[in-house]
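A.B. asks: Take a look at the following structure, please.
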Amino acid sequence: MENKEQAPPKRSVWPRITMVTAVRNGARYVEDTICSILNQGYPNLEYFVVDGASTDGTQAIIRRYERELAGWISEPDQGVYDALNKGFAKSTGEIMGWLNASDMLHAKGLFVVGSVFADLPEVEWITGRPSGFSNEGFAVQVAPRLPRWSRYGFLMGANKYIQQESTFWRRTLWERAGGRVDSSLRAEGDFDLWVRFFRHAQHFSVDALIGGYRSHDDALSASDIERYNRTCEEIIERELPSAQWGTAIRTFRRLDRGIKQIPIARWLWFRVAEGPLYGLLGREASPIIELRENRWAVRR
């Protein structure tokens, strides 16, 4: 493996991180994805690649790195989430995450993840500062503001996009939330998983770069954004009966959709109802994790 990053920061213990990449006919980008993970030199990595019987040379690329993988398989599957479930079923890491076969981690991203979970045992799932890569693989976008989430804000539709490429969690949370991604979904499985995570644990936002989304025309969510948003709305509707304020949230969402169809009322609705409500929900939003004197600390 060429271009290994320099020796890792000194720590006595690095928690085992499981990562899975699902790929099918991804020869154009998958090597960048694999190298962004392996080249970090994280000392306790368990990495699986699950290939959906590719026919474009993807398997030959995976074989170049198989000695550094915990394992890989190539067989037909029922989609990306079915493939991810196969990989996670083989895994043992106490920290978990996945990276799709075009997206990439930032330099030392896994060290951010490992050290955050080592320093803060009360934290169960995190997301780094959202960022993006161009089609050519250049880091071109970094969110100027660190997003924060709460369960009820998420269900109401405020800031609903949690960047999967920067999100990691403890295995104990994964197991409490069902221990699998919903393989019946086409591109919304991450959204469904976050909804289930919110039932059991508070989310934390990390003020650091971990991973980024690569913008290209073949991305699943980009291929039919209307279908994606519609399915996310259906997931929320199924979740509301189990939420403490589910009936009130459903009523608000219906009013919100109706009023936003009336241009003259949209601004007034935001000033009088939507803005103040989201501000109130912000009090319960994700605490921020930031580095202080070489240790991670929580700022609420």
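Every chain in the structure tokens takes a letter, A first, then B, and so on in the order presented; its residues are numbered from 1, and the ligands are numbered from 1 following the presented order.
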Write out as CSV a residue-level contact list of stretch 205-269 of chain A versus stretch 282-293 of chain A with cut-off 6 Å: for each qualifying residue the closest pair of atoms and the distance in Å to one decimal, counting only C-alpha atoms, rows sorted by chain and residue number upward.

C.D. replies:
```
residue,atom,partner,partner_atom,distance
A:Ser205,CA,A:Ile288,CA,4.9
A:Val206,CA,A:Ile289,CA,4.6
A:Asp207,CA,A:Glu290,CA,5.4
```

A.B. asks: Next, write the just-selected residues to a file, as a PDB file, in the first residue's frame, keeping N, CA and C atoms as the atom set.

C.D. replies:
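Below is the file out_29.pdb, written as the result:
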```
ATOM      1  N   SER A 205     -22.586  16.431  17.673  1.00  0.00           N
ATOM      2  CA  SER A 205     -21.913  16.987  16.496  1.00  0.00           C
ATOM      3  C   SER A 205     -20.451  17.253  16.834  1.00  0.00           C
ATOM      4  N   VAL A 206     -19.543  16.754  16.001  1.00  0.00           N
ATOM      5  CA  VAL A 206     -18.106  16.906  16.234  1.00  0.00           C
ATOM      6  C   VAL A 206     -17.556  18.007  15.336  1.00  0.00           C
ATOM      7  N   ASP A 207     -16.871  18.951  15.928  1.00  0.00           N
ATOM      8  CA  ASP A 207     -16.294  20.050  15.164  1.00  0.00           C
ATOM      9  C   ASP A 207     -14.952  19.614  14.585  1.00  0.00           C
TER      10      ASP A 207
END
```

A.B. asks: If DSSP is run on the backbone, what residues of stretch 143-297 of chain A are helix (DSSP H, G or I)? A reply as a short mmCIF file (atom, residue, chain, number, x, y, z; two decimals) with C-alpha atoms, in the first residue's frame would be ideal.

C.D. replies:
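For reference, out-v3.cif as written:
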```cif
data_model
loop_
_atom_site.label_atom_id
_atom_site.label_comp_id
_atom_site.auth_asym_id
_atom_site.auth_seq_id
_atom_site.Cartn_x
_atom_site.Cartn_y
_atom_site.Cartn_z
CA ARG A 151 -35.14 13.96 17.79
CA TYR A 152 -38.23 16.15 17.66
CA GLY A 153 -36.67 18.70 15.37
CA PHE A 154 -35.65 15.86 13.06
CA LEU A 155 -39.17 14.44 13.03
CA MET A 156 -40.63 17.87 12.35
CA GLN A 164 -23.85 9.51 6.58
CA GLU A 165 -20.21 9.65 5.49
CA SER A 166 -19.31 11.46 8.73
CA ARG A 171 -22.31 -1.25 18.49
CA THR A 172 -24.48 -1.18 21.61
CA LEU A 173 -26.67 1.50 20.00
CA TRP A 174 -26.79 -0.42 16.71
CA GLU A 175 -28.07 -3.49 18.54
CA ARG A 176 -30.70 -1.56 20.51
CA GLY A 189 -31.83 3.47 4.75
CA ASP A 190 -29.51 5.88 6.52
CA PHE A 191 -32.41 8.27 7.25
CA ASP A 192 -34.43 5.36 8.67
CA LEU A 193 -31.47 4.29 10.82
CA TRP A 194 -31.08 7.80 12.27
CA VAL A 195 -34.78 7.84 13.18
CA ARG A 196 -34.27 4.59 15.10
CA PHE A 197 -31.07 5.81 16.75
CA PHE A 198 -32.90 8.89 18.01
CA ARG A 199 -35.25 6.63 19.97
CA HIS A 200 -32.37 5.49 22.17
CA LEU A 220 -28.62 7.02 -5.49
CA SER A 221 -30.22 9.90 -3.59
CA ALA A 222 -29.38 12.37 -6.36
CA SER A 223 -30.97 10.17 -9.01
CA ILE A 225 -34.58 13.40 -5.02
CA GLU A 226 -38.36 13.67 -5.07
CA ARG A 227 -38.75 9.96 -4.41
CA TYR A 228 -36.09 10.16 -1.68
CA ASN A 229 -37.87 13.00 0.13
CA ARG A 230 -41.25 11.33 -0.23
CA THR A 231 -39.97 8.08 1.31
CA CYS A 232 -38.34 10.00 4.19
CA GLU A 233 -41.71 11.62 4.88
CA GLU A 234 -43.30 8.16 5.00
CA ILE A 235 -40.65 6.97 7.48
CA ILE A 236 -41.42 9.93 9.75
CA GLU A 237 -45.16 9.24 9.57
CA ARG A 238 -44.56 5.66 10.70
CA GLU A 239 -42.42 6.89 13.58
CA LEU A 240 -44.81 9.52 14.95
CA PRO A 241 -47.21 7.16 16.79
CA SER A 242 -44.32 6.07 19.05
CA GLY A 246 -46.42 12.53 17.78
CA THR A 247 -49.94 13.89 17.33
CA ALA A 248 -48.83 17.49 17.77
CA ILE A 249 -45.92 16.99 15.38
CA ARG A 250 -48.21 15.50 12.73
CA THR A 251 -50.58 18.47 13.06
CA PHE A 252 -47.70 20.94 12.76
CA ARG A 253 -46.29 19.16 9.71
CA ARG A 254 -49.64 19.25 7.93
CA LEU A 255 -50.08 22.94 8.66
CA ASP A 256 -46.53 23.63 7.57
CA ARG A 257 -47.02 21.89 4.22
CA GLY A 258 -50.30 23.67 3.59
CA ILE A 259 -49.21 27.17 4.53
CA PRO A 263 -46.45 32.53 -0.89
CA ILE A 264 -47.92 35.50 0.99
CA ALA A 265 -48.32 33.45 4.18
CA ARG A 266 -44.95 31.65 4.10
CA TRP A 267 -42.88 34.47 5.63
CA LEU A 268 -45.40 35.23 8.36
CA TRP A 269 -45.67 31.54 9.27
CA PHE A 270 -41.91 31.31 9.70
CA ARG A 271 -41.73 34.44 11.88
CA VAL A 272 -44.70 33.57 14.08
CA ALA A 273 -44.57 29.78 14.36
CA GLU A 274 -41.84 27.85 12.59
CA GLY A 275 -38.80 29.94 13.56
CA PRO A 276 -39.64 30.25 17.28
CA LEU A 277 -40.52 26.55 17.48
CA TYR A 278 -37.25 25.46 15.90
CA GLY A 279 -35.45 27.80 18.29
CA LEU A 280 -37.16 26.14 21.23
CA LEU A 281 -36.24 22.70 19.92
CA GLY A 282 -32.67 23.91 19.52
CA ARG A 283 -32.26 23.82 23.29
CA GLU A 284 -32.34 20.03 23.01
#
```

A.B. asks: Enter the distance from atom CA of A:Val20 to atom CA of A:Ser131, in Å, rounded to one decimal.

C.D. replies: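 Computed distance, atom CA of A:Val20 to atom CA of A:Ser131, equals 19.9 Å.
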
A.B. asks: Which polymer residues have any atom within 12 Å of an atom of A:Glu66, counting only C-alpha atoms, with same-chain residues fewer than 2 positions away left out, as a list in words?

C.D. replies: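 Those residues are Met1, Ile34, Cys35, Leu38, Tyr47, Phe48, Val49, Val50, Gln59, Ala60, Ile61, Ile62, Arg63, Arg64, Glu68, Leu69, Ala70, Gly71, Trp72 and Ile73 of chain A.
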
A.B. asks: Which value, in Å to one decimal, gives the distance between atom CA of A:Gln78 and atom CA of A:Trp125?

C.D. replies: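 Interatomic distance here is 27.1 Å.
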
A.B. asks: Mind pulling up the distance from atom CA of A:Val23 to atom CA of A:Arg180?

C.D. replies: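 Result for atom CA of A:Arg180 versus atom CA of A:Val23: 17.7 Å, one decimal.
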